[in-house]
file work-v2.cif (mmCIF, C-alpha atoms)
data_coords
loop_
_atom_site.label_atom_id
_atom_site.label_comp_id
_atom_site.auth_asym_id
_atom_site.auth_seq_id
_atom_site.Cartn_x
_atom_site.Cartn_y
_atom_site.Cartn_z
CA MET A 481 0.00 0.00 0.00
CA GLY A 482 2.76 2.38 0.83
CA HIS A 483 4.08 2.10 -2.73
CA LEU A 484 1.03 3.43 -4.57
CA ALA A 485 2.58 6.88 -4.92
CA GLU A 486 5.65 5.48 -6.66
CA ARG A 487 3.60 3.19 -8.90
CA LEU A 488 1.24 5.92 -10.09
CA LEU A 489 3.79 8.71 -10.43
CA VAL A 490 4.67 9.82 -13.95
CA PRO A 491 8.49 9.93 -13.91
CA PRO A 492 9.93 13.33 -14.86
CA ASP A 493 11.16 13.67 -18.44
CA SER A 494 9.33 10.53 -19.52
CA LYS A 495 6.93 9.94 -22.39
CA ILE A 496 3.83 8.06 -21.37
CA LYS A 497 1.24 6.22 -23.44
CA LEU A 498 -2.08 6.07 -21.66
CA ALA A 499 -2.98 2.99 -23.69
CA ASP A 500 -0.30 1.16 -21.68
CA ILE A 501 -2.15 1.88 -18.41
CA ASP A 502 -5.14 -0.21 -17.33
CA PRO A 503 -7.87 2.21 -16.16
CA ALA A 504 -9.42 -0.69 -14.22
CA GLY A 505 -6.15 -1.60 -12.52
CA THR A 506 -5.93 -1.76 -8.73
CA HIS A 507 -2.24 -2.67 -8.28
CA GLY A 508 -3.13 -5.73 -6.23
CA VAL A 509 -5.30 -3.82 -3.75
CA LYS A 510 -8.55 -5.53 -2.71
CA LYS A 511 -11.72 -3.55 -2.13
CA PRO A 512 -12.39 -4.66 1.51
CA ALA A 513 -8.86 -3.73 2.59
CA ALA A 514 -9.11 -0.43 0.70
CA ALA A 515 -12.12 0.67 2.73
CA ASP A 516 -10.24 0.34 6.02
CA ARG A 517 -7.15 1.99 4.60
CA LEU A 518 -9.14 4.93 3.22
CA ALA A 519 -10.83 5.52 6.57
CA ASP A 520 -7.43 5.54 8.28
CA ASN A 521 -6.00 7.92 5.68
CA LEU A 522 -8.89 10.35 6.14
CA ARG A 523 -8.39 10.39 9.91
CA ARG A 524 -4.70 11.17 9.48
CA LEU A 525 -5.44 13.83 6.87
CA THR A 526 -7.52 15.80 9.39
CA VAL A 527 -4.56 15.91 11.78
CA LEU A 528 -2.13 17.03 9.09
CA GLN A 529 -4.56 19.63 7.78
CA TYR A 530 -4.71 21.11 11.29
CA LEU A 531 -0.90 21.26 11.37
CA LEU A 532 -0.77 22.93 7.96
CA TYR A 533 -3.35 25.49 9.10
CA ALA A 534 -1.50 26.16 12.35
CA GLU A 535 1.91 26.50 10.71
CA ALA A 536 0.50 28.87 8.04
CA ARG A 537 3.76 29.03 6.12
CA ARG A 538 2.98 26.70 3.22
CA SER A 539 -0.02 25.50 1.24
CA LEU A 540 -1.03 22.48 -0.82
CA LEU A 541 -2.62 22.68 -4.28
CA VAL A 542 -4.40 19.58 -5.59
CA VAL A 543 -5.19 19.65 -9.32
CA LEU A 544 -7.83 17.22 -10.61
CA GLN A 545 -8.11 16.64 -14.34
CA GLY A 546 -9.87 13.98 -16.37
CA ILE A 547 -12.17 13.15 -19.23
CA ASP A 548 -15.88 13.92 -18.64
CA ALA A 549 -17.34 11.61 -15.95
CA GLY A 550 -13.83 10.78 -14.74
CA GLY A 551 -14.84 11.34 -11.12
CA LYS A 552 -13.47 14.73 -10.14
CA ASP A 553 -16.53 15.68 -8.08
CA GLY A 554 -16.67 12.26 -6.42
CA THR A 555 -13.00 12.41 -5.49
CA ILE A 556 -13.45 15.77 -3.80
CA ARG A 557 -16.54 14.54 -1.95
CA ARG A 558 -14.96 11.32 -0.66
CA VAL A 559 -11.30 12.17 -0.11
CA MET A 560 -11.77 15.66 1.34
CA SER A 561 -14.93 14.85 3.32
CA GLY A 562 -13.34 15.00 6.76
CA LEU A 563 -11.35 18.18 6.34
CA ASN A 564 -12.21 21.42 8.09
CA PRO A 565 -13.96 23.63 5.52
CA GLN A 566 -12.19 26.68 6.97
CA GLY A 567 -8.92 25.34 5.65
CA VAL A 568 -10.02 24.15 2.20
CA SER A 569 -10.99 25.96 -0.98
CA VAL A 570 -12.46 24.25 -4.05
CA THR A 571 -12.42 26.03 -7.40
CA SER A 572 -14.23 24.67 -10.47
CA PHE A 573 -12.98 26.17 -13.69
CA LYS A 574 -15.57 26.60 -16.41
CA ALA A 575 -15.23 28.40 -19.74
CA PRO A 576 -13.80 31.88 -19.03
CA ASP A 577 -16.32 34.68 -18.88
CA GLY A 578 -16.43 38.42 -18.21
CA PRO A 579 -13.16 39.78 -16.80
CA GLU A 580 -11.56 36.33 -17.14
CA LYS A 581 -11.67 36.69 -20.91
CA ARG A 582 -10.04 40.11 -20.74
CA HIS A 583 -6.99 38.88 -18.82
CA ASP A 584 -4.31 36.33 -19.59
CA TYR A 585 -5.46 32.74 -19.07
CA LEU A 586 -3.52 32.30 -15.83
CA TRP A 587 -5.01 35.37 -14.11
CA ARG A 588 -8.06 33.61 -12.71
CA VAL A 589 -5.95 30.58 -11.77
CA HIS A 590 -3.42 32.54 -9.74
CA ASN A 591 -6.28 34.26 -7.95
CA ALA A 592 -7.56 30.85 -6.78
CA VAL A 593 -4.25 29.48 -5.46
CA PRO A 594 -4.63 28.60 -1.75
CA GLU A 595 -3.15 30.95 0.79
CA HIS A 596 -0.56 29.65 3.22
CA GLY A 597 -2.07 27.27 5.74
CA LYS A 598 -4.74 25.98 3.38
CA ILE A 599 -5.43 23.20 0.90
CA GLY A 600 -6.74 24.28 -2.49
CA ILE A 601 -8.45 21.92 -4.89
CA PHE A 602 -8.86 22.67 -8.58
CA ASN A 603 -11.72 20.87 -10.36
CA ARG A 604 -10.24 21.29 -13.83
CA SER A 605 -7.51 23.89 -14.01
CA HIS A 606 -5.10 25.91 -16.13
CA TYR A 607 -4.48 22.71 -18.08
CA GLU A 608 -7.77 23.20 -19.90
CA ASP A 609 -5.87 25.87 -21.83
CA VAL A 610 -3.74 23.17 -23.45
CA LEU A 611 -6.50 20.55 -23.55
CA ILE A 612 -9.97 21.69 -24.66
CA VAL A 613 -8.44 24.83 -26.17
CA ARG A 614 -6.15 22.64 -28.26
CA VAL A 615 -8.69 19.96 -29.18
CA HIS A 616 -11.27 22.48 -30.37
CA SER A 617 -8.76 24.96 -31.85
CA LEU A 618 -10.08 27.80 -29.70
CA VAL A 619 -6.78 29.59 -30.22
CA PRO A 620 -4.08 28.94 -32.85
CA LYS A 621 -1.37 26.33 -32.22
CA SER A 622 1.16 29.17 -32.19
CA VAL A 623 -0.60 30.42 -29.04
CA TRP A 624 -1.38 27.25 -27.07
CA SER A 625 1.96 25.59 -27.83
CA LYS A 626 3.73 28.33 -25.84
CA ARG A 627 1.62 27.64 -22.79
CA TYR A 628 3.50 24.52 -21.67
CA ASP A 629 6.55 26.63 -20.80
CA GLN A 630 4.35 29.36 -19.30
CA ILE A 631 2.60 26.81 -17.07
CA ASN A 632 5.94 25.38 -15.99
CA ASP A 633 7.17 28.86 -15.06
CA PHE A 634 3.94 29.54 -13.15
CA GLU A 635 4.12 26.30 -11.17
CA ARG A 636 7.81 26.80 -10.39
CA MET A 637 7.04 30.25 -9.03
CA LEU A 638 4.28 28.83 -6.81
CA SER A 639 6.57 26.06 -5.57
CA GLU A 640 9.39 28.47 -4.74
CA ASN A 641 6.93 30.55 -2.73
CA GLY A 642 5.61 27.78 -0.51
CA THR A 643 2.87 26.02 -2.47
CA ARG A 644 3.24 22.26 -2.90
CA ILE A 645 1.53 21.01 -6.06
CA LEU A 646 -0.03 17.61 -6.77
CA LYS A 647 -1.64 16.88 -10.13
CA PHE A 648 -3.94 13.94 -10.73
CA LEU A 649 -5.23 12.62 -14.04
CA LEU A 650 -8.29 10.51 -13.23
CA TYR A 651 -8.10 7.99 -16.05
CA ILE A 652 -11.17 6.00 -17.10
CA SER A 653 -11.89 3.90 -20.17
CA LYS A 654 -14.22 5.01 -22.92
CA GLU A 655 -16.53 2.11 -22.00
CA GLU A 656 -16.64 3.21 -18.36
CA GLN A 657 -17.48 6.74 -19.43
CA ALA A 658 -20.40 5.41 -21.51
CA GLN A 659 -21.68 3.43 -18.50
CA ARG A 660 -21.53 6.51 -16.27
CA PHE A 661 -23.36 8.55 -18.87
CA ARG A 662 -26.08 5.87 -19.02
CA GLU A 663 -26.45 6.05 -15.24
CA ARG A 664 -26.91 9.80 -15.45
CA LEU A 665 -29.64 9.34 -18.03
CA GLU A 666 -31.45 6.56 -16.15
CA ASP A 667 -31.26 8.03 -12.64
CA LYS A 668 -33.50 11.09 -12.31
CA THR A 669 -31.39 12.37 -9.44
CA LYS A 670 -28.40 12.46 -11.81
CA ASN A 671 -30.13 13.87 -14.90
CA TRP A 672 -28.83 17.33 -14.05
CA LYS A 673 -25.26 16.08 -14.53
CA PHE A 674 -25.86 15.14 -18.14
CA SER A 675 -25.51 17.43 -21.12
CA PRO A 676 -25.91 16.59 -24.81
CA GLU A 677 -22.50 18.23 -25.23
CA ASP A 678 -21.02 15.26 -23.35
CA ILE A 679 -21.91 12.98 -26.26
CA LYS A 680 -20.33 15.36 -28.76
CA GLU A 681 -17.14 15.50 -26.70
CA ARG A 682 -16.83 11.69 -26.87
CA GLU A 683 -16.13 12.06 -30.57
CA TYR A 684 -12.87 13.78 -29.62
CA TRP A 685 -11.68 11.04 -27.25
CA ASP A 686 -8.48 10.24 -29.16
CA GLN A 687 -7.59 13.92 -29.51
CA TYR A 688 -8.01 14.44 -25.77
CA ILE A 689 -5.82 11.42 -25.01
CA ALA A 690 -3.09 12.82 -27.26
CA ALA A 691 -3.37 16.22 -25.58
CA TYR A 692 -3.13 14.65 -22.12
CA GLU A 693 -0.07 12.64 -23.13
CA ASP A 694 1.68 15.86 -24.18
CA VAL A 695 0.75 17.52 -20.87
CA LEU A 696 2.13 14.56 -18.91
CA CYS A 697 5.37 14.80 -20.86
CA LYS A 698 5.88 18.57 -21.07
CA CYS A 699 4.54 19.79 -17.70
CA ASN A 700 5.82 17.25 -15.20
CA PRO A 701 8.65 18.72 -13.09
CA LYS A 702 9.66 17.12 -9.82
CA HIS A 703 8.14 19.97 -7.79
CA ALA A 704 4.74 19.64 -9.53
CA PRO A 705 4.37 15.96 -10.43
CA TRP A 706 1.59 14.20 -12.31
CA TYR A 707 -0.03 10.99 -11.09
CA VAL A 708 -2.19 8.90 -13.42
CA ILE A 709 -4.93 7.34 -11.29
CA PRO A 710 -6.74 4.30 -12.74
CA ALA A 711 -10.28 5.48 -12.00
CA ASN A 712 -12.70 2.89 -13.38
CA HIS A 713 -13.06 1.65 -9.78
CA LYS A 714 -14.10 4.59 -7.66
CA TRP A 715 -12.93 2.93 -4.45
CA PHE A 716 -9.40 2.55 -5.81
CA ARG A 717 -9.40 6.12 -7.15
CA ASN A 718 -10.32 7.47 -3.72
CA LEU A 719 -7.75 5.34 -1.95
CA ALA A 720 -4.94 6.26 -4.33
CA VAL A 721 -5.58 10.01 -4.18
CA SER A 722 -5.87 9.93 -0.37
CA GLU A 723 -2.65 7.94 -0.12
CA ILE A 724 -0.68 10.41 -2.23
CA VAL A 725 -2.10 13.54 -0.56
CA LEU A 726 -1.38 12.03 2.85
CA ARG A 727 2.19 11.10 1.98
CA THR A 728 2.84 14.57 0.57
CA LEU A 729 1.64 16.28 3.74
CA GLU A 730 3.70 13.88 5.85
CA ASP A 731 6.80 14.66 3.76
CA MET A 732 6.30 18.39 4.36
CA ASP A 733 7.31 17.81 8.01
CA LEU A 734 4.74 20.27 9.30
CA LYS A 735 5.38 21.92 12.67
CA TYR A 736 3.30 23.87 15.16
CA PRO A 737 4.51 27.48 15.34
CA LYS A 738 6.35 28.52 18.46
CA PRO A 739 4.27 30.39 21.06
CA VAL A 740 4.50 34.15 20.83
CA ALA A 741 5.38 34.37 24.52
CA ASP A 742 6.71 32.22 27.38
CA LEU A 743 3.48 30.51 28.37
CA SER A 744 4.98 29.18 31.59
CA GLU A 745 4.96 32.73 33.00
CA ILE A 746 1.23 33.20 32.40
CA GLN A 747 -1.02 32.63 35.37
CA PHE A 748 -4.73 33.11 35.98
CA GLU A 749 -6.11 34.35 39.27
#
call {"tool": "encode", "arguments": {"input": "work-v2.cif", "output": "structure tokens"}}
result
Amino acid sequence: MGHLAERLLVPPDSKIKLADIDPAGTHGVKKPAAADRLADNLRRLTVLQYLLYAEARRSLLVVLQGIDAGGKDGTIRRVMSGLNPQGVSVTSFKAPDGPEKRHDYLWRVHNAVPEHGKIGIFNRSHYEDVLIVRVHSLVPKSVWSKRYDQINDFERMLSENGTRILKFLLYISKEEQAQRFRERLEDKTKNWKFSPEDIKEREYWDQYIAAYEDVLCKCNPKHAPWYVIPANHKWFRNLAVSEIVLRTLEDMDLKYPKPVADLSEIQFE
């Protein structure tokens, strides 16, 4: 279990073919054991979040990307369920509108980066500007092709100023996506999640995969690594993300700040 982070990490400077990864893979983990492990991870995450909040010198940014129905909302709901809302911000990035369209594409992203002491979660992110923008030719290649280096510069700046970055690609199969779409159509409580545009986007599956493979290759420095999470099984997806977030917070060696005064001298009458 402790090796999931290493197994799912995309090595820096490597080229990855998503076709070589099994989206239904569980790396030998069994579902019953995963439930206990996830519960333990969530308990430990609450302690580490409190330490991060108390220290207030660094922050953690969690980026969630994936094909439609990949499970971004579900991951946030299950993995971050026990955290104190005061110390967490969730930002969902839709198509830019209003002032967002009149600034550079990273303006709204930088504005959503978590302040020191907090965990920030991006449901989609700045990577849409080299994914959907590329697939649908929303800007010329001469524009979006420069963004890989710009994103790398942006993430390096965040890292050097105290923000740890974790990036997750929630990877499902095309067949699993179809099944999840069917569930949204058949379950009235999930109808609101479905849009006819989802079906149109499926026609671009191969183009999205190619765009993701370039992202994994070109924007994967050691200080802002990508993890490809096999996400056909929601229970494994949740476990893997919790495991990696937990390990990252543990590696940050968080400390309580020193008291502002000698507390031993303080007495109450």
call {"tool": "resolve_selection", "arguments": {"input": "work-v2.cif", "expression": "the PyMOL selection byres ((chain A and resi 540) around 10)", "output": "list in words"}}
result
Gln529, Leu532, Arg538, Ser539, Leu541, Val542, Val543, Val568, Val593, Pro594, Glu595, His596, Gly597, Lys598, Ile599, Gly600, Ile601, Ser639, Gly642, Thr643, Arg644, Ile645, Leu646, Val725, Thr728, Leu729 and Met732 of chain A
call {"tool": "resolve_selection", "arguments": {"input": "work-v2.cif", "expression": "the PyMOL selection byres ((chain A and resi 713-718) around 9)", "output": "PyMOL selection string"}}
result
chain A and resi 503-506+509-511+514-515+518+551+554-556+558-559+650+652+709-712+719-723
call {"tool": "atom_distance", "arguments": {"input": "work-v2.cif", "atom1": "atom CA of Leu525 of chain A", "atom2": "atom CA of Pro737 of chain A"}}
result
18.9 Å
call {"tool": "closest_residue", "arguments": {"input": "work-v2.cif", "among": "A:Pro565, A:Ala536, A:Asp577, A:Tyr607", "to": "Lys738 of chain A", "atoms": "only C-alpha atoms"}}
result
A:Ala536
call {"tool": "atom_distance", "arguments": {"input": "work-v2.cif", "atom1": "atom CA of Tyr628 of chain A", "atom2": "atom CA of Pro492 of chain A"}}
result
14.6 Å
call {"tool": "closest_atom_pairs", "arguments": {"input": "work-v2.cif", "of": "segment 492-526 of chain A", "to": "segment 685-694 of chain A", "cutoff": "12 Å", "atoms": "all atoms listed in the file", "output": "tab-separated table"}}
result
residue	atom	partner	partner_atom	distance
A:Asp493	CA	A:Asp694	CA	11.3
A:Ser494	CA	A:Glu693	CA	10.3
A:Lys495	CA	A:Glu693	CA	7.5
A:Ile496	CA	A:Glu693	CA	6.3
A:Lys497	CA	A:Glu693	CA	6.6
A:Leu498	CA	A:Glu693	CA	7.0
A:Ala499	CA	A:Ile689	CA	9.0
A:Asp500	CA	A:Glu693	CA	11.6
A:Ile501	CA	A:Glu693	CA	11.9
call {"tool": "closest_residue", "arguments": {"input": "work-v2.cif", "among": "A:Asp742, A:Asn603, A:Asp548, A:Val623", "to": "Tyr585 of chain A", "atoms": "all atoms listed in the file"}}
result
A:Val623
call {"tool": "resolve_selection", "arguments": {"input": "work-v2.cif", "expression": "the PyMOL selection byres ((chain A and resi 590) around 12)", "output": "PDB file with C-alpha atoms, in the frame of the given file"}}
result
ATOM      1  CA  LEU A 541      -2.620  22.680  -4.280  1.00  0.00           C
ATOM      2  CA  THR A 571     -12.420  26.030  -7.400  1.00  0.00           C
ATOM      3  CA  GLU A 580     -11.560  36.330 -17.140  1.00  0.00           C
ATOM      4  CA  HIS A 583      -6.990  38.880 -18.820  1.00  0.00           C
ATOM      5  CA  ASP A 584      -4.310  36.330 -19.590  1.00  0.00           C
ATOM      6  CA  TYR A 585      -5.460  32.740 -19.070  1.00  0.00           C
ATOM      7  CA  LEU A 586      -3.520  32.300 -15.830  1.00  0.00           C
ATOM      8  CA  TRP A 587      -5.010  35.370 -14.110  1.00  0.00           C
ATOM      9  CA  ARG A 588      -8.060  33.610 -12.710  1.00  0.00           C
ATOM     10  CA  VAL A 589      -5.950  30.580 -11.770  1.00  0.00           C
ATOM     11  CA  ASN A 591      -6.280  34.260  -7.950  1.00  0.00           C
ATOM     12  CA  ALA A 592      -7.560  30.850  -6.780  1.00  0.00           C
ATOM     13  CA  VAL A 593      -4.250  29.480  -5.460  1.00  0.00           C
ATOM     14  CA  PRO A 594      -4.630  28.600  -1.750  1.00  0.00           C
ATOM     15  CA  GLU A 595      -3.150  30.950   0.790  1.00  0.00           C
ATOM     16  CA  GLY A 600      -6.740  24.280  -2.490  1.00  0.00           C
ATOM     17  CA  PHE A 602      -8.860  22.670  -8.580  1.00  0.00           C
ATOM     18  CA  SER A 605      -7.510  23.890 -14.010  1.00  0.00           C
ATOM     19  CA  HIS A 606      -5.100  25.910 -16.130  1.00  0.00           C
ATOM     20  CA  ILE A 631       2.600  26.810 -17.070  1.00  0.00           C
ATOM     21  CA  PHE A 634       3.940  29.540 -13.150  1.00  0.00           C
ATOM     22  CA  GLU A 635       4.120  26.300 -11.170  1.00  0.00           C
ATOM     23  CA  MET A 637       7.040  30.250  -9.030  1.00  0.00           C
ATOM     24  CA  LEU A 638       4.280  28.830  -6.810  1.00  0.00           C
ATOM     25  CA  THR A 643       2.870  26.020  -2.470  1.00  0.00           C
TER      26      THR A 643
END
call {"tool": "closest_residue", "arguments": {"input": "work-v2.cif", "among": "A:Lys654, A:Arg727, A:Arg537, A:Lys735", "to": "Arg524 of chain A", "atoms": "all atoms listed in the file"}}
result
A:Arg727
call {"tool": "atom_distance", "arguments": {"input": "work-v2.cif", "atom1": "atom CA of Leu665 of chain A", "atom2": "atom CA of Lys680 of chain A"}}
result
15.4 Å
call {"tool": "residues_around", "arguments": {"input": "work-v2.cif", "residues": "Ala658 of chain A", "least_positions_apart": "3", "cutoff": "12 Å", "atoms": "only C-alpha atoms", "output": "PyMOL selection string"}}
result
chain A and resi 547-550+652-655+661-665+674+678-679+681-682+685+712
call {"tool": "closest_residue", "arguments": {"input": "work-v2.cif", "among": "A:Val613, A:Ala704, A:Ala513, A:Leu522", "to": "Asn632 of chain A", "atoms": "all atoms listed in the file"}}
result
A:Ala704
call {"tool": "closest_residue", "arguments": {"input": "work-v2.cif", "among": "A:Trp672, A:His483, A:Asp633, A:Gly546", "to": "Ile612 of chain A", "atoms": "only C-alpha atoms"}}
result
A:Gly546
call {"tool": "decode", "arguments": {"input": "work-v2.cif", "residues": "segment 589-600 of chain A", "atoms": "all heavy atoms", "output": "short mmCIF file (atom, residue, chain, number, x, y, z; two decimals), in the first residue's frame"}}
result
data_model
loop_
_atom_site.label_atom_id
_atom_site.label_comp_id
_atom_site.auth_asym_id
_atom_site.auth_seq_id
_atom_site.Cartn_x
_atom_site.Cartn_y
_atom_site.Cartn_z
N VAL A 589 -6.54 31.73 -12.46
CA VAL A 589 -5.95 30.58 -11.77
C VAL A 589 -5.12 31.04 -10.59
O VAL A 589 -5.26 30.53 -9.47
CB VAL A 589 -5.11 29.75 -12.75
CG1 VAL A 589 -4.49 28.55 -12.04
CG2 VAL A 589 -5.95 29.30 -13.94
N HIS A 590 -4.26 32.02 -10.82
CA HIS A 590 -3.42 32.54 -9.74
C HIS A 590 -4.29 33.08 -8.60
O HIS A 590 -3.97 32.91 -7.42
CB HIS A 590 -2.48 33.62 -10.27
CG HIS A 590 -1.29 33.85 -9.41
ND1 HIS A 590 -0.21 34.59 -9.79
CD2 HIS A 590 -1.01 33.42 -8.15
CE1 HIS A 590 0.68 34.63 -8.83
NE2 HIS A 590 0.23 33.93 -7.81
N ASN A 591 -5.38 33.70 -8.95
CA ASN A 591 -6.28 34.26 -7.95
C ASN A 591 -6.90 33.19 -7.05
O ASN A 591 -7.34 33.48 -5.94
CB ASN A 591 -7.39 35.05 -8.65
CG ASN A 591 -8.16 35.93 -7.70
OD1 ASN A 591 -7.59 36.67 -6.91
ND2 ASN A 591 -9.48 35.85 -7.77
N ALA A 592 -6.94 31.95 -7.53
CA ALA A 592 -7.56 30.85 -6.78
C ALA A 592 -6.55 29.98 -6.02
O ALA A 592 -6.95 29.04 -5.32
CB ALA A 592 -8.38 29.97 -7.73
N VAL A 593 -5.28 30.27 -6.16
CA VAL A 593 -4.25 29.48 -5.46
C VAL A 593 -4.45 29.62 -3.96
O VAL A 593 -4.69 30.72 -3.45
CB VAL A 593 -2.85 29.96 -5.88
CG1 VAL A 593 -1.77 29.31 -5.01
CG2 VAL A 593 -2.60 29.63 -7.35
N PRO A 594 -4.37 28.52 -3.20
CA PRO A 594 -4.63 28.60 -1.75
C PRO A 594 -3.59 29.43 -1.01
O PRO A 594 -2.40 29.38 -1.33
CB PRO A 594 -4.57 27.14 -1.30
CG PRO A 594 -3.70 26.46 -2.31
CD PRO A 594 -4.01 27.15 -3.62
N GLU A 595 -4.08 30.19 -0.05
CA GLU A 595 -3.15 30.95 0.79
C GLU A 595 -2.43 30.01 1.73
O GLU A 595 -2.85 28.87 1.95
CB GLU A 595 -3.93 32.01 1.58
CG GLU A 595 -4.95 31.45 2.55
CD GLU A 595 -5.82 32.52 3.17
OE1 GLU A 595 -6.71 33.05 2.49
OE2 GLU A 595 -5.58 32.82 4.36
N HIS A 596 -1.34 30.48 2.31
CA HIS A 596 -0.56 29.65 3.22
C HIS A 596 -1.44 29.16 4.37
O HIS A 596 -2.24 29.91 4.92
CB HIS A 596 0.63 30.44 3.77
CG HIS A 596 1.70 30.67 2.74
ND1 HIS A 596 2.80 31.44 2.97
CD2 HIS A 596 1.83 30.19 1.47
CE1 HIS A 596 3.58 31.45 1.91
NE2 HIS A 596 3.00 30.71 0.97
N GLY A 597 -1.28 27.89 4.69
CA GLY A 597 -2.07 27.27 5.74
C GLY A 597 -3.27 26.50 5.22
O GLY A 597 -3.94 25.83 6.00
N LYS A 598 -3.52 26.59 3.91
CA LYS A 598 -4.74 25.98 3.38
C LYS A 598 -4.46 24.98 2.27
O LYS A 598 -3.39 24.98 1.66
CB LYS A 598 -5.69 27.06 2.88
CG LYS A 598 -6.21 27.95 4.00
CD LYS A 598 -7.33 28.86 3.54
CE LYS A 598 -7.90 29.67 4.71
NZ LYS A 598 -9.05 30.51 4.29
N ILE A 599 -5.45 24.14 2.02
CA ILE A 599 -5.43 23.20 0.90
C ILE A 599 -6.38 23.73 -0.16
O ILE A 599 -7.54 24.04 0.13
CB ILE A 599 -5.88 21.79 1.35
CG1 ILE A 599 -4.91 21.22 2.39
CG2 ILE A 599 -5.99 20.85 0.15
CD1 ILE A 599 -5.37 19.91 3.00
N GLY A 600 -5.90 23.85 -1.38
CA GLY A 600 -6.74 24.28 -2.49
C GLY A 600 -6.93 23.13 -3.46
O GLY A 600 -5.98 22.38 -3.74
#
